[in-house]
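Since the structure comes first, as structure tokens, the remarks are kept for the end.
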Amino acid sequence: AQSTIPRAVLFPQIGGQADYERGGCKGASCQHFLNGKQFGLTLNASYELDFWGLARDNLRAAQEQLKAARFAQQSVALTVTANVASQYLALQAIRHRIAIQNQNLAAINTILEAIQLKVKAGSISHLDLAREQAQLEQVQSQIPALETLERQTLYKLAVLLGRPPEGFDVPTVDLDKIVA
């Protein structure tokens, strides 16, 4: 609408008025009584020449503002789409990291059991057992931070999609199967 308003100045301005009056008292003291009906029609037209091109420049400026607004809208849509894709891929990567940490825990537990058996047999020292337990605790300590990061990323994704974060989830996908 803002781009069409300046265009109106380029065309003639046409106005009109229609009147109708039926007989009755005329004047404050009702000295004259009109009998009959009166009709009136008034038309007027005006046009202002655009010698200096101001009206055309205003129209051109309004059209360029419309283009800028459309570009801004497309830019925002593209930015939101890129952010959704980025958060989705980040979420899948975090879930993949959590799965790797869980696999590491399982492997460390298996090694820890073997080391405990060797310590009981006396073939290795308690120092090796303590090192393996420290490594197990280090891997365990990283998982809660990754799970918090996963929830935060999931909530960001929900907000970008305009959905409430509570109860929002997306299925886990193998990153190798995502095609660009």
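Every chain in the structure tokens has a letter given in the order shown (A, B, ...), and although residue numbers restart at 1 in each chain, ligands are simply numbered from 1 in the order shown.
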
Residue neighbourhood A:Gln103, 12 Å, only C-alpha atoms, exclusion window fewer than 5 positions, as a list of chain:residue names: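 Non-adjacent residues within range: A:His96, A:Arg97, A:Ile98, A:Ile108, A:Asn109, A:Thr110, A:Leu136, A:Val139, A:Gln140, A:Ile143.
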
Residues within 12 Å of A:Gly40, only C-alpha atoms, excluding chain neighbours under 3 positions, as a list in words: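 The residues that qualify are Gly16, Gln17, Ala18, Asp19, Tyr20, Glu21, Arg22, Lys37 and Leu43 of chain A.
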
Could you write out that same residue set with all heavy atoms as a short mmCIF file (atom, residue, chain, number, x, y, z; two decimals), in the first residue's frame?
data_model
loop_
_atom_site.label_atom_id
_atom_site.label_comp_id
_atom_site.auth_asym_id
_atom_site.auth_seq_id
_atom_site.Cartn_x
_atom_site.Cartn_y
_atom_site.Cartn_z
N GLY A 16 -16.55 14.25 -6.81
CA GLY A 16 -17.94 14.53 -7.16
C GLY A 16 -18.79 14.59 -5.92
O GLY A 16 -18.42 14.10 -4.86
N GLN A 17 -19.95 15.23 -6.09
CA GLN A 17 -20.89 15.34 -5.00
C GLN A 17 -22.29 15.39 -5.59
O GLN A 17 -22.54 16.07 -6.58
CB GLN A 17 -20.61 16.61 -4.20
CG GLN A 17 -21.50 16.80 -3.02
CD GLN A 17 -21.14 18.05 -2.23
OE1 GLN A 17 -20.16 18.71 -2.52
NE2 GLN A 17 -21.95 18.36 -1.26
N ALA A 18 -23.20 14.69 -4.98
CA ALA A 18 -24.60 14.69 -5.42
C ALA A 18 -25.45 15.22 -4.26
O ALA A 18 -25.21 14.88 -3.11
CB ALA A 18 -25.04 13.30 -5.81
N ASP A 19 -26.43 16.09 -4.60
CA ASP A 19 -27.32 16.66 -3.60
C ASP A 19 -28.76 16.38 -4.01
O ASP A 19 -29.11 16.36 -5.19
CB ASP A 19 -27.16 18.19 -3.50
CG ASP A 19 -25.80 18.58 -2.97
OD1 ASP A 19 -25.31 17.86 -2.09
OD2 ASP A 19 -25.25 19.60 -3.43
N TYR A 20 -29.61 16.25 -3.02
CA TYR A 20 -31.03 16.08 -3.24
C TYR A 20 -31.75 16.82 -2.12
O TYR A 20 -31.40 16.69 -0.96
CB TYR A 20 -31.39 14.59 -3.22
CG TYR A 20 -32.88 14.34 -3.20
CD1 TYR A 20 -33.64 14.55 -4.34
CD2 TYR A 20 -33.52 13.90 -2.05
CE1 TYR A 20 -35.00 14.32 -4.34
CE2 TYR A 20 -34.88 13.66 -2.03
CZ TYR A 20 -35.62 13.88 -3.18
OH TYR A 20 -36.97 13.66 -3.18
N GLU A 21 -32.74 17.59 -2.51
CA GLU A 21 -33.52 18.33 -1.52
C GLU A 21 -34.99 18.23 -1.89
O GLU A 21 -35.37 18.48 -3.02
CB GLU A 21 -33.06 19.79 -1.49
CG GLU A 21 -33.62 20.55 -0.32
CD GLU A 21 -33.04 21.95 -0.26
OE1 GLU A 21 -31.81 22.12 -0.41
OE2 GLU A 21 -33.84 22.87 -0.08
N ARG A 22 -35.78 17.90 -0.93
CA ARG A 22 -37.22 17.80 -1.12
C ARG A 22 -37.89 19.04 -0.55
O ARG A 22 -37.35 19.69 0.34
CB ARG A 22 -37.73 16.57 -0.38
CG ARG A 22 -38.90 15.95 -1.08
CD ARG A 22 -39.18 14.63 -0.46
NE ARG A 22 -40.42 14.77 0.28
CZ ARG A 22 -40.96 13.84 1.01
NH1 ARG A 22 -40.35 12.70 1.16
NH2 ARG A 22 -42.09 14.02 1.61
N LYS A 37 -38.85 19.18 -5.87
CA LYS A 37 -37.59 18.50 -5.54
C LYS A 37 -36.45 19.19 -6.28
O LYS A 37 -36.64 19.69 -7.38
CB LYS A 37 -37.66 17.04 -5.98
CG LYS A 37 -38.77 16.27 -5.32
CD LYS A 37 -38.86 14.88 -5.88
CE LYS A 37 -40.08 14.18 -5.32
NZ LYS A 37 -40.28 12.88 -5.90
N LEU A 43 -19.18 17.97 -10.18
CA LEU A 43 -17.98 17.21 -10.53
C LEU A 43 -16.81 18.17 -10.59
O LEU A 43 -16.94 19.30 -11.08
CB LEU A 43 -18.14 16.52 -11.89
CG LEU A 43 -19.16 15.40 -11.98
CD1 LEU A 43 -19.29 14.94 -13.43
CD2 LEU A 43 -18.74 14.23 -11.11
#

Strand (DSSP E or B) call set, DSSP backbone run, stretch 5-178 of chain A, as a list in words: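 Answer for stretch 5-178 of chain A restricted to strand (DSSP E or B) is Gln13, Ile14, Gly15, Gly16, Gln17, Ala18, Asp19, Tyr20, Glu21, Arg22, Gly23, Gly24, Cys25, Lys26, His32, Phe33, Leu34, Asn35, Gly36, Lys37, Gln38, Phe39, Gly40, Leu41, Thr42, Leu43, Asn44, Ala45 and Ser46 of chain A.
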
For atom CA of A:Pro12 and atom CA of A:Ala45, the interatomic separation in Å (one decimal):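 These atoms are spaced 6.7 Å apart.
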
All residues 10 Å or closer to A:Glu137, only C-alpha atoms, same chain fewer than 5 positions away omitted, as JSON, numbers by chain: {"A": [105, 108, 131, 132, 142]}

Take the residues from that selection and write them out as a JSON list (two decimals), in the first residue's frame, keeping N, CA, C and O atoms.
[["chain", "number", "residue", "atom", "x", "y", "z"],
["A", 105, "LEU", "N", 32.50, -45.77, 27.85],
["A", 105, "LEU", "CA", 32.24, -46.26, 29.20],
["A", 105, "LEU", "C", 32.16, -47.77, 29.24],
["A", 105, "LEU", "O", 32.72, -48.42, 30.13],
["A", 108, "ILE", "N", 35.66, -49.12, 28.77],
["A", 108, "ILE", "CA", 36.49, -48.91, 29.96],
["A", 108, "ILE", "C", 36.06, -49.86, 31.08],
["A", 108, "ILE", "O", 36.90, -50.40, 31.81],
["A", 131, "ARG", "N", 44.51, -45.81, 37.74],
["A", 131, "ARG", "CA", 44.51, -45.04, 36.48],
["A", 131, "ARG", "C", 43.25, -45.32, 35.66],
["A", 131, "ARG", "O", 42.63, -44.42, 35.10],
["A", 132, "GLU", "N", 42.89, -46.59, 35.58],
["A", 132, "GLU", "CA", 41.72, -46.96, 34.79],
["A", 132, "GLU", "C", 40.44, -46.44, 35.44],
["A", 132, "GLU", "O", 39.52, -45.99, 34.75],
["A", 142, "GLN", "N", 31.95, -36.26, 31.81],
["A", 142, "GLN", "CA", 31.67, -35.50, 30.59],
["A", 142, "GLN", "C", 30.23, -35.70, 30.10],
["A", 142, "GLN", "O", 29.68, -34.83, 29.40]]

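Ranking A:Arg60, A:Gln2, A:Gln87, A:Leu127 by their shortest atom-to-atom distance to A:Tyr155, with only C-alpha atoms included, puts A:Gln87 first.
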
Residue with smallest distance to A:Asn104 - pool A:Val119, A:Phe51, A:Leu154, A:Gln135, counting only C-alpha atoms: A:Gln135

Spatial neighbours of A:Leu49, 12 Å, only C-alpha atoms, chain gap at least 5 places, as a list in words: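 Residues near the query, excluding close chain neighbours: Val9, Leu10, Phe11, Pro12, Gln13, Leu54, Ala55 and Arg56 of chain A.
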
Resulting file, chosen residues, N, CA and C atoms, as a CSV table (one decimal), in the first residue's frame:
chain,number,residue,atom,x,y,z
A,9,VAL,N,-0.5,10.5,-7.2
A,9,VAL,CA,-0.2,11.9,-7.5
A,9,VAL,C,0.0,12.0,-9.0
A,10,LEU,N,0.3,11.0,-9.7
A,10,LEU,CA,0.6,11.1,-11.1
A,10,LEU,C,-0.7,11.1,-12.0
A,11,PHE,N,-1.8,10.8,-11.4
A,11,PHE,CA,-3.1,10.8,-12.1
A,11,PHE,C,-4.0,12.0,-11.7
A,12,PRO,N,-4.9,12.4,-12.6
A,12,PRO,CA,-5.8,13.5,-12.2
A,12,PRO,C,-6.6,13.1,-11.0
A,13,GLN,N,-6.9,14.1,-10.2
A,13,GLN,CA,-7.8,13.9,-9.0
A,13,GLN,C,-9.2,14.3,-9.4
A,54,LEU,N,9.3,15.3,-9.0
A,54,LEU,CA,9.2,15.0,-7.6
A,54,LEU,C,8.3,13.8,-7.4
A,55,ALA,N,7.1,13.8,-8.1
A,55,ALA,CA,6.2,12.7,-7.9
A,55,ALA,C,6.7,11.4,-8.4
A,56,ARG,N,7.4,11.4,-9.5
A,56,ARG,CA,8.0,10.2,-10.1
A,56,ARG,C,9.2,9.7,-9.2

Alpha helix (DSSP H) positions in stretch 40-167 of chain A, given as a ChimeraX atom specification: /A:54-121,126-160

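Atom CA of A:Val84 sits 9.5 Å away from atom CA of A:Val159.
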
Point-to-point distance from atom CA of A:Leu59 to atom CA of A:Val76, Å rounded to tenths: 25.9 Å

Contact residues around A:Thr153 with only C-alpha atoms at 9 Å, ignoring same-chain residues under 3 positions, as a ChimeraX atom specification: /A:87-88,90-91,94,148-150,156-158

Could you dump the residues just selected with N, CA, C and O atoms as a compact mmCIF listing (two decimals), in the first residue's frame?
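Heads up, here's the output in out.txt:
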# COMPACT_ATOMS: atom_id res chain seq x y z
N GLN A 87 21.22 -25.82 14.12
CA GLN A 87 20.87 -26.40 15.42
C GLN A 87 20.52 -27.88 15.30
O GLN A 87 20.87 -28.67 16.18
N TYR A 88 19.86 -28.25 14.21
CA TYR A 88 19.51 -29.65 14.00
C TYR A 88 20.78 -30.50 13.87
O TYR A 88 20.91 -31.55 14.51
N ALA A 90 23.79 -29.68 14.90
CA ALA A 90 24.50 -29.64 16.17
C ALA A 90 23.89 -30.64 17.15
O ALA A 90 24.62 -31.34 17.88
N LEU A 91 22.56 -30.72 17.18
CA LEU A 91 21.88 -31.67 18.06
C LEU A 91 22.27 -33.10 17.71
O LEU A 91 22.58 -33.91 18.61
N ILE A 94 25.84 -33.76 18.87
CA ILE A 94 25.92 -33.93 20.32
C ILE A 94 25.43 -35.32 20.72
O ILE A 94 26.04 -36.00 21.56
N THR A 148 23.28 -31.83 29.05
CA THR A 148 22.78 -30.46 29.22
C THR A 148 22.86 -29.70 27.92
O THR A 148 21.92 -29.00 27.52
N LEU A 149 23.97 -29.83 27.22
CA LEU A 149 24.13 -29.18 25.92
C LEU A 149 23.10 -29.69 24.92
O LEU A 149 22.55 -28.92 24.12
N GLU A 150 22.80 -30.98 24.98
CA GLU A 150 21.78 -31.56 24.10
C GLU A 150 20.41 -30.93 24.36
O GLU A 150 19.70 -30.54 23.43
N LYS A 156 16.61 -24.68 21.77
CA LYS A 156 16.85 -23.64 20.76
C LYS A 156 16.15 -24.01 19.45
O LYS A 156 15.54 -23.15 18.80
N LEU A 157 16.24 -25.26 19.09
CA LEU A 157 15.60 -25.73 17.86
C LEU A 157 14.08 -25.58 17.96
O LEU A 157 13.42 -25.14 17.01
N ALA A 158 13.51 -25.91 19.11
CA ALA A 158 12.07 -25.78 19.29
C ALA A 158 11.64 -24.32 19.16
O ALA A 158 10.64 -24.02 18.50
